[in-house]
Structures are given as C-alpha cells and as structure tokens.
file work-v9.cif (mmCIF, C-alpha atoms)
data_input
#
loop_
_atom_site.label_atom_id
_atom_site.label_comp_id
_atom_site.auth_asym_id
_atom_site.auth_seq_id
_atom_site.Cartn_x
_atom_site.Cartn_y
_atom_site.Cartn_z
CA MET A 6 -19.94 -32.24 -0.32
CA LEU A 7 -16.76 -30.14 -0.09
CA GLU A 8 -16.35 -26.94 -2.12
CA ILE A 9 -13.09 -24.98 -2.25
CA ARG A 10 -13.39 -21.67 -4.05
CA LYS A 11 -11.75 -18.28 -4.22
CA VAL A 12 -13.14 -15.81 -1.73
CA GLU A 13 -15.54 -13.13 -3.01
CA LYS A 14 -16.57 -9.86 -1.40
CA GLU A 15 -19.99 -11.37 -0.64
CA ASP A 16 -18.21 -13.86 1.64
CA LYS A 17 -17.07 -11.13 4.06
CA GLU A 18 -19.39 -12.03 6.94
CA CYS A 19 -18.70 -15.77 6.83
CA TRP A 20 -14.94 -15.15 6.30
CA PHE A 21 -14.74 -13.06 9.47
CA SER A 22 -16.77 -15.64 11.38
CA ILE A 23 -13.78 -17.95 10.79
CA ASP A 24 -10.73 -15.65 10.45
CA GLN A 25 -10.47 -12.55 12.64
CA HIS A 26 -6.71 -12.21 12.14
CA ILE A 27 -6.77 -9.87 9.15
CA SER A 28 -8.14 -6.39 8.64
CA GLU A 29 -11.08 -5.55 6.43
CA GLU A 30 -8.65 -3.88 4.03
CA GLU A 31 -6.58 -7.08 3.81
CA PHE A 32 -9.75 -9.13 3.27
CA TYR A 33 -10.58 -7.02 0.20
CA SER A 34 -6.99 -7.39 -0.96
CA LYS A 35 -7.43 -11.19 -0.79
CA VAL A 36 -10.61 -10.85 -2.86
CA ASN A 37 -9.04 -8.53 -5.44
CA ASN A 38 -5.78 -10.47 -5.73
CA GLN A 39 -7.53 -13.85 -5.59
CA THR A 40 -5.23 -15.00 -2.78
CA GLY A 41 -7.88 -16.39 -0.47
CA TYR A 42 -10.05 -19.48 -0.54
CA ILE A 43 -13.15 -20.26 1.45
CA ILE A 44 -14.01 -23.87 2.20
CA TRP A 45 -17.62 -25.00 2.29
CA LYS A 46 -19.08 -28.32 3.36
CA ASP A 47 -22.72 -29.13 2.75
CA GLY A 48 -23.42 -25.43 2.11
CA ASN A 49 -21.75 -24.18 5.31
CA PRO A 50 -18.44 -22.30 5.58
CA ILE A 51 -15.98 -24.46 7.52
CA GLY A 52 -12.59 -22.92 6.80
CA VAL A 53 -10.31 -20.56 4.95
CA LEU A 54 -6.92 -20.57 3.28
CA ARG A 55 -5.01 -17.42 2.48
CA TYR A 56 -1.63 -16.87 0.94
CA ASN A 57 0.87 -14.28 -0.25
CA LEU A 58 3.93 -14.43 -2.45
CA PHE A 59 7.18 -14.82 -0.49
CA TRP A 60 9.89 -12.76 -2.23
CA ASP A 61 7.08 -11.71 -4.60
CA SER A 62 7.42 -15.05 -6.36
CA VAL A 63 6.91 -18.10 -4.08
CA PRO A 64 3.33 -18.91 -2.99
CA PHE A 65 3.30 -18.92 0.81
CA VAL A 66 0.30 -20.09 2.86
CA THR A 67 -0.14 -17.57 5.66
CA LEU A 68 -3.17 -19.33 7.15
CA ILE A 69 -5.17 -22.48 6.69
CA TYR A 70 -7.89 -22.78 9.27
CA LEU A 71 -10.68 -25.31 9.66
CA LYS A 72 -13.35 -25.21 12.33
CA GLU A 73 -12.47 -27.56 15.16
CA GLU A 74 -15.13 -30.16 14.33
CA GLN A 75 -13.84 -30.43 10.74
CA ARG A 76 -10.24 -31.29 11.63
CA GLU A 77 -8.55 -34.68 11.24
CA LYS A 78 -10.95 -35.74 8.48
CA GLY A 79 -8.62 -35.25 5.50
CA ILE A 80 -10.14 -31.88 4.59
CA GLY A 81 -6.95 -29.89 5.30
CA LYS A 82 -4.97 -32.21 3.04
CA GLU A 83 -7.58 -31.89 0.29
CA VAL A 84 -7.53 -28.10 0.58
CA MET A 85 -3.72 -27.92 0.46
CA LEU A 86 -3.52 -30.27 -2.54
CA HIS A 87 -6.16 -28.16 -4.32
CA TRP A 88 -4.17 -24.99 -3.62
CA GLU A 89 -0.90 -26.61 -4.71
CA LYS A 90 -2.52 -27.70 -7.98
CA GLN A 91 -3.69 -24.13 -8.56
CA MET A 92 -0.18 -22.82 -7.91
CA LYS A 93 1.34 -25.37 -10.28
CA THR A 94 -1.15 -24.32 -12.96
CA LYS A 95 0.14 -20.76 -12.51
CA GLY A 96 3.67 -21.99 -13.26
CA HIS A 97 5.08 -22.15 -9.74
CA LYS A 98 7.58 -24.89 -8.94
CA VAL A 99 7.63 -24.65 -5.12
CA VAL A 100 5.29 -23.54 -2.33
CA MET A 101 5.97 -22.58 1.27
CA THR A 102 4.29 -22.18 4.62
CA SER A 103 5.25 -21.68 8.25
CA THR A 104 4.08 -22.57 11.74
CA GLN A 105 5.26 -22.00 15.27
CA VAL A 106 7.41 -24.80 16.66
CA ASP A 107 4.96 -25.37 19.51
CA GLU A 108 2.07 -26.07 17.11
CA THR A 109 1.17 -29.50 15.76
CA ALA A 110 0.68 -28.18 12.19
CA GLN A 111 4.34 -28.98 11.45
CA HIS A 112 3.47 -32.70 11.53
CA PHE A 113 0.56 -32.18 9.12
CA TYR A 114 2.77 -30.31 6.65
CA ARG A 115 5.48 -32.95 6.77
CA GLN A 116 2.91 -35.70 6.15
CA ILE A 117 1.88 -33.98 2.91
CA GLY A 118 5.44 -33.57 1.65
CA TYR A 119 6.74 -30.30 3.11
CA LYS A 120 10.35 -30.14 4.33
CA ASP A 121 11.80 -27.90 7.02
CA CYS A 122 13.82 -25.09 5.47
CA GLY A 123 14.58 -22.53 8.17
CA CYS A 124 13.29 -20.54 11.10
CA LEU A 125 12.73 -17.08 12.50
CA VAL A 126 13.17 -15.98 16.09
CA LEU A 127 11.43 -12.76 17.10
CA ASP A 128 12.92 -11.40 20.30
CA ILE A 129 11.38 -7.95 20.05
CA PRO A 130 9.20 -7.78 23.18
CA GLU A 131 5.93 -6.77 21.48
CA LEU A 132 6.40 -9.45 18.78
CA LYS A 133 7.82 -12.23 20.95
CA GLN A 134 6.46 -15.68 20.15
CA PRO A 135 7.79 -19.24 19.87
CA MET A 136 10.20 -19.79 16.99
CA GLU A 137 8.52 -19.75 13.56
CA MET A 138 9.60 -22.62 11.33
CA PHE A 139 9.41 -22.47 7.54
CA LEU A 140 8.56 -25.42 5.31
CA ILE A 141 8.86 -25.84 1.54
CA LYS A 142 7.56 -28.29 -1.04
CA ARG A 143 8.38 -28.87 -4.69
CA ILE A 144 5.16 -29.17 -6.71
#

call {"tool": "encode", "arguments": {"input": "work-v9.cif", "output": "structure tokens"}}
result
Amino acid sequence: MLEIRKVEKEDKECWFSIDQHISEEEFYSKVNNQTGYIIWKDGNPIGVLRYNLFWDSVPFVTLIYLKEEQREKGIGKEVMLHWEKQMKTKGHKVVMTSTQVDETAQHFYRQIGYKDCGCLVLDIPELKQPMEMFLIKRI
C-alpha cells in the first residue's frame, strides 16, 4: 500500500535517512511551508519529493528520490501525478523540474508529459557540474 503525504516534523529521522542534501533548517522550512512529501510503502519510508516555487509562482520539483529497490515500478509516476494534482488544486497551470543532462531522469519526465524548456551551464569551478536541463508541463 502506497501513501504519499506532506512531511511533518516527526518525520525528520526517516526523511534524513533518504535525503541528506538539505539542511535541518531547510527540512523545517519544507514542513512549515508544506513543500515536501514523504512516500511510504507498507508502513516504510521509501522516498521523498520536495519542491519550491520558481519565480515565486511556478511549482518546481527540486528532488524526487526513491530508494533503489523501489524504482521502475511506477511509483515515481504515481508520486509526480499526485503532486501535479495537488498543484492544480492550488490553481497552478504549469509545473517544472530539472535534471542534469547526464542523468536518466530526463527520459522519465518526458514519458510523463514534461517538455524541455531550457538549460543552465555552471562554469564556476566550485559549482561545476554537467549542464542542468529544465522541463515544464501544463497541468
């Protein structure tokens, strides 16, 4: 049984067992702003989704992460569709995300209706990474 729900402060330990890429302060911001979801399967945490508002108005997934053994089972698609429905309920017309060009996530996003819409190249030595591609979807 899959459960997708907004993250709560009591989820801190299981959140950080999955996502170590944000600070404790940002975790509490996700809780307070209700911009994070935790994904449970059969009573166990298996993933997270977090987002911000691009230009303070467009919902933008900054991370969707599922534990390795839970991938390629349709769960990511279900989580994204759940999130998109929530964003539509809030009155949003489009949603966005991004991924590095060397990651396979771009294929996943395209399969669920996202379209390429731009890129970012960071050539500052301490921030250097493969090109970041942006994707958008009308909901």

call {"tool": "residues_around", "arguments": {"input": "work-v9.cif", "residues": "Glu73 in chain A", "least_positions_apart": "4", "cutoff": "10 Å", "atoms": "only C-alpha atoms", "output": "compact mmCIF listing (two decimals) with C-alpha atoms, in the frame of the given file"}}
result
# COMPACT_ATOMS: atom_id res chain seq x y z
CA ILE A 51 -15.98 -24.46 7.52
CA GLY A 52 -12.59 -22.92 6.80
CA GLU A 77 -8.55 -34.68 11.24

call {"tool": "closest_residue", "arguments": {"input": "work-v9.cif", "among": "A:Ile80, A:Leu71, A:Val126, A:Leu54", "to": "Leu7 in chain A", "atoms": "all atoms listed in the file"}}
result
A:Ile80

call {"tool": "closest_residue", "arguments": {"input": "work-v9.cif", "among": "A:His97, A:Lys90, A:Lys72, A:Lys142", "to": "Ser22 in chain A", "atoms": "all atoms listed in the file"}}
result
A:Lys72

call {"tool": "atom_distance", "arguments": {"input": "work-v9.cif", "atom1": "CA of Gly81 in chain A", "atom2": "CA of Phe113 in chain A"}}
result
8.7 Å

call {"tool": "atom_distance", "arguments": {"input": "work-v9.cif", "atom1": "CA of Ser103 in chain A", "atom2": "CA of Glu137 in chain A"}}
result
6.5 Å

call {"tool": "closest_residue", "arguments": {"input": "work-v9.cif", "among": "A:Ile43, A:Val66, A:Ile141, A:Asn38", "to": "Lys17 in chain A", "atoms": "all atoms listed in the file"}}
result
A:Ile43

call {"tool": "residues_near_point", "arguments": {"input": "work-v9.cif", "point": "(-14.5, -21.4, 5.0)", "cutoff": "12 Å", "atoms": "all atoms listed in the file", "output": "count of residues only"}}
result
40

call {"tool": "atom_distance", "arguments": {"input": "work-v9.cif", "atom1": "CA of Thr67 in chain A", "atom2": "CA of Ile129 in chain A"}}
result
20.8 Å

call {"tool": "residues_around", "arguments": {"input": "work-v9.cif", "residues": "range 116-124 of chain A", "least_positions_apart": "2", "cutoff": "9 Å", "atoms": "all atoms listed in the file", "output": "ChimeraX atom specification"}}
result
/A:82,85-86,100-103,111-114,126,136-143

call {"tool": "axis_aligned_box", "arguments": {"input": "work-v9.cif", "around": "range 35-38 of chain A", "padding_each_side": "6 Å", "output": "AutoDock Vina command-line options"}}
result
--center_x -8.2 --center_y -9.9 --center_z -3.3 --size_x 16.8 --size_y 14.7 --size_z 16.9

call {"tool": "residues_around", "arguments": {"input": "work-v9.cif", "residues": "Gly96 in chain A", "least_positions_apart": "3", "cutoff": "12 Å", "atoms": "all atoms listed in the file", "output": "list in words"}}
result
Ser62, Val63, Pro64, Glu89, Lys90, Gln91, Met92, Lys93, Val99, Val100, Arg143 and Ile144 of chain A

call {"tool": "build_atoms", "arguments": {"input": "work-v9.cif", "residues": "range 90-101 of chain A", "atoms": "all heavy atoms", "output": "PDB file, in the coordinates of the input"}}
result
ATOM      1  N   LYS A  90      -2.197 -27.488  -6.566  1.00  0.00           N
ATOM      2  CA  LYS A  90      -2.520 -27.700  -7.980  1.00  0.00           C
ATOM      3  C   LYS A  90      -2.764 -26.360  -8.677  1.00  0.00           C
ATOM      4  O   LYS A  90      -2.298 -26.135  -9.798  1.00  0.00           O
ATOM      5  CB  LYS A  90      -3.742 -28.604  -8.096  1.00  0.00           C
ATOM      6  CG  LYS A  90      -4.116 -28.953  -9.504  1.00  0.00           C
ATOM      7  CD  LYS A  90      -5.310 -29.901  -9.535  1.00  0.00           C
ATOM      8  CE  LYS A  90      -5.726 -30.184 -10.969  1.00  0.00           C
ATOM      9  NZ  LYS A  90      -6.940 -31.022 -11.013  1.00  0.00           N
ATOM     10  N   GLN A  91      -3.462 -25.462  -7.998  1.00  0.00           N
ATOM     11  CA  GLN A  91      -3.690 -24.130  -8.560  1.00  0.00           C
ATOM     12  C   GLN A  91      -2.373 -23.386  -8.761  1.00  0.00           C
ATOM     13  O   GLN A  91      -2.173 -22.715  -9.773  1.00  0.00           O
ATOM     14  CB  GLN A  91      -4.624 -23.316  -7.639  1.00  0.00           C
ATOM     15  CG  GLN A  91      -6.014 -23.882  -7.489  1.00  0.00           C
ATOM     16  CD  GLN A  91      -6.781 -23.864  -8.788  1.00  0.00           C
ATOM     17  OE1 GLN A  91      -6.874 -22.844  -9.450  1.00  0.00           O
ATOM     18  NE2 GLN A  91      -7.315 -25.010  -9.167  1.00  0.00           N
ATOM     19  N   MET A  92      -1.475 -23.507  -7.811  1.00  0.00           N
ATOM     20  CA  MET A  92      -0.180 -22.820  -7.910  1.00  0.00           C
ATOM     21  C   MET A  92       0.661 -23.417  -9.040  1.00  0.00           C
ATOM     22  O   MET A  92       1.330 -22.688  -9.769  1.00  0.00           O
ATOM     23  CB  MET A  92       0.577 -22.884  -6.577  1.00  0.00           C
ATOM     24  CG  MET A  92      -0.125 -22.169  -5.420  1.00  0.00           C
ATOM     25  SD  MET A  92      -0.535 -20.429  -5.722  1.00  0.00           S
ATOM     26  CE  MET A  92      -2.294 -20.522  -6.090  1.00  0.00           C
ATOM     27  N   LYS A  93       0.610 -24.718  -9.188  1.00  0.00           N
ATOM     28  CA  LYS A  93       1.340 -25.370 -10.280  1.00  0.00           C
ATOM     29  C   LYS A  93       0.799 -24.920 -11.628  1.00  0.00           C
ATOM     30  O   LYS A  93       1.567 -24.646 -12.561  1.00  0.00           O
ATOM     31  CB  LYS A  93       1.253 -26.889 -10.129  1.00  0.00           C
ATOM     32  CG  LYS A  93       2.160 -27.635 -11.064  1.00  0.00           C
ATOM     33  CD  LYS A  93       2.216 -29.111 -10.727  1.00  0.00           C
ATOM     34  CE  LYS A  93       3.277 -29.774 -11.571  1.00  0.00           C
ATOM     35  NZ  LYS A  93       3.558 -31.130 -11.139  1.00  0.00           N
ATOM     36  N   THR A  94      -0.517 -24.797 -11.727  1.00  0.00           N
ATOM     37  CA  THR A  94      -1.150 -24.320 -12.960  1.00  0.00           C
ATOM     38  C   THR A  94      -0.672 -22.916 -13.318  1.00  0.00           C
ATOM     39  O   THR A  94      -0.552 -22.585 -14.492  1.00  0.00           O
ATOM     40  CB  THR A  94      -2.693 -24.337 -12.802  1.00  0.00           C
ATOM     41  OG1 THR A  94      -3.110 -25.676 -12.546  1.00  0.00           O
ATOM     42  CG2 THR A  94      -3.396 -23.824 -14.035  1.00  0.00           C
ATOM     43  N   LYS A  95      -0.364 -22.120 -12.291  1.00  0.00           N
ATOM     44  CA  LYS A  95       0.140 -20.760 -12.510  1.00  0.00           C
ATOM     45  C   LYS A  95       1.628 -20.739 -12.856  1.00  0.00           C
ATOM     46  O   LYS A  95       2.207 -19.683 -13.043  1.00  0.00           O
ATOM     47  CB  LYS A  95      -0.114 -19.896 -11.280  1.00  0.00           C
ATOM     48  CG  LYS A  95      -1.576 -19.600 -11.039  1.00  0.00           C
ATOM     49  CD  LYS A  95      -1.732 -18.716  -9.823  1.00  0.00           C
ATOM     50  CE  LYS A  95      -3.174 -18.292  -9.678  1.00  0.00           C
ATOM     51  NZ  LYS A  95      -3.323 -17.128  -8.802  1.00  0.00           N
ATOM     52  N   GLY A  96       2.265 -21.914 -12.878  1.00  0.00           N
ATOM     53  CA  GLY A  96       3.670 -21.990 -13.260  1.00  0.00           C
ATOM     54  C   GLY A  96       4.654 -22.033 -12.110  1.00  0.00           C
ATOM     55  O   GLY A  96       5.870 -22.030 -12.333  1.00  0.00           O
ATOM     56  N   HIS A  97       4.173 -22.087 -10.883  1.00  0.00           N
ATOM     57  CA  HIS A  97       5.080 -22.150  -9.740  1.00  0.00           C
ATOM     58  C   HIS A  97       5.658 -23.545  -9.588  1.00  0.00           C
ATOM     59  O   HIS A  97       5.009 -24.532  -9.885  1.00  0.00           O
ATOM     60  CB  HIS A  97       4.349 -21.731  -8.459  1.00  0.00           C
ATOM     61  CG  HIS A  97       3.877 -20.319  -8.491  1.00  0.00           C
ATOM     62  ND1 HIS A  97       4.724 -19.238  -8.373  1.00  0.00           N
ATOM     63  CD2 HIS A  97       2.632 -19.792  -8.655  1.00  0.00           C
ATOM     64  CE1 HIS A  97       4.035 -18.121  -8.448  1.00  0.00           C
ATOM     65  NE2 HIS A  97       2.757 -18.426  -8.620  1.00  0.00           N
ATOM     66  N   LYS A  98       6.884 -23.610  -9.104  1.00  0.00           N
ATOM     67  CA  LYS A  98       7.580 -24.890  -8.940  1.00  0.00           C
ATOM     68  C   LYS A  98       7.676 -25.325  -7.477  1.00  0.00           C
ATOM     69  O   LYS A  98       7.854 -26.494  -7.186  1.00  0.00           O
ATOM     70  CB  LYS A  98       8.981 -24.796  -9.521  1.00  0.00           C
ATOM     71  CG  LYS A  98       9.003 -24.326 -10.967  1.00  0.00           C
ATOM     72  CD  LYS A  98       9.566 -25.366 -11.869  1.00  0.00           C
ATOM     73  CE  LYS A  98       9.705 -24.912 -13.302  1.00  0.00           C
ATOM     74  NZ  LYS A  98       8.497 -24.712 -14.017  1.00  0.00           N
ATOM     75  N   VAL A  99       7.584 -24.355  -6.548  1.00  0.00           N
ATOM     76  CA  VAL A  99       7.630 -24.650  -5.120  1.00  0.00           C
ATOM     77  C   VAL A  99       6.575 -23.801  -4.404  1.00  0.00           C
ATOM     78  O   VAL A  99       6.151 -22.756  -4.903  1.00  0.00           O
ATOM     79  CB  VAL A  99       9.019 -24.391  -4.486  1.00  0.00           C
ATOM     80  CG1 VAL A  99      10.074 -25.305  -5.073  1.00  0.00           C
ATOM     81  CG2 VAL A  99       9.420 -22.940  -4.616  1.00  0.00           C
ATOM     82  N   VAL A 100       6.191 -24.278  -3.215  1.00  0.00           N
ATOM     83  CA  VAL A 100       5.290 -23.540  -2.330  1.00  0.00           C
ATOM     84  C   VAL A 100       5.863 -23.597  -0.927  1.00  0.00           C
ATOM     85  O   VAL A 100       6.663 -24.484  -0.610  1.00  0.00           O
ATOM     86  CB  VAL A 100       3.850 -24.099  -2.363  1.00  0.00           C
ATOM     87  CG1 VAL A 100       3.184 -23.818  -3.708  1.00  0.00           C
ATOM     88  CG2 VAL A 100       3.823 -25.587  -2.063  1.00  0.00           C
ATOM     89  N   MET A 101       5.458 -22.651  -0.098  1.00  0.00           N
ATOM     90  CA  MET A 101       5.970 -22.580   1.270  1.00  0.00           C
ATOM     91  C   MET A 101       4.839 -22.318   2.255  1.00  0.00           C
ATOM     92  O   MET A 101       3.767 -21.861   1.876  1.00  0.00           O
ATOM     93  CB  MET A 101       6.992 -21.447   1.402  1.00  0.00           C
ATOM     94  CG  MET A 101       8.285 -21.666   0.658  1.00  0.00           C
ATOM     95  SD  MET A 101       9.428 -20.253   0.826  1.00  0.00           S
ATOM     96  CE  MET A 101       9.786 -20.296   2.573  1.00  0.00           C
TER      97      MET A 101
END
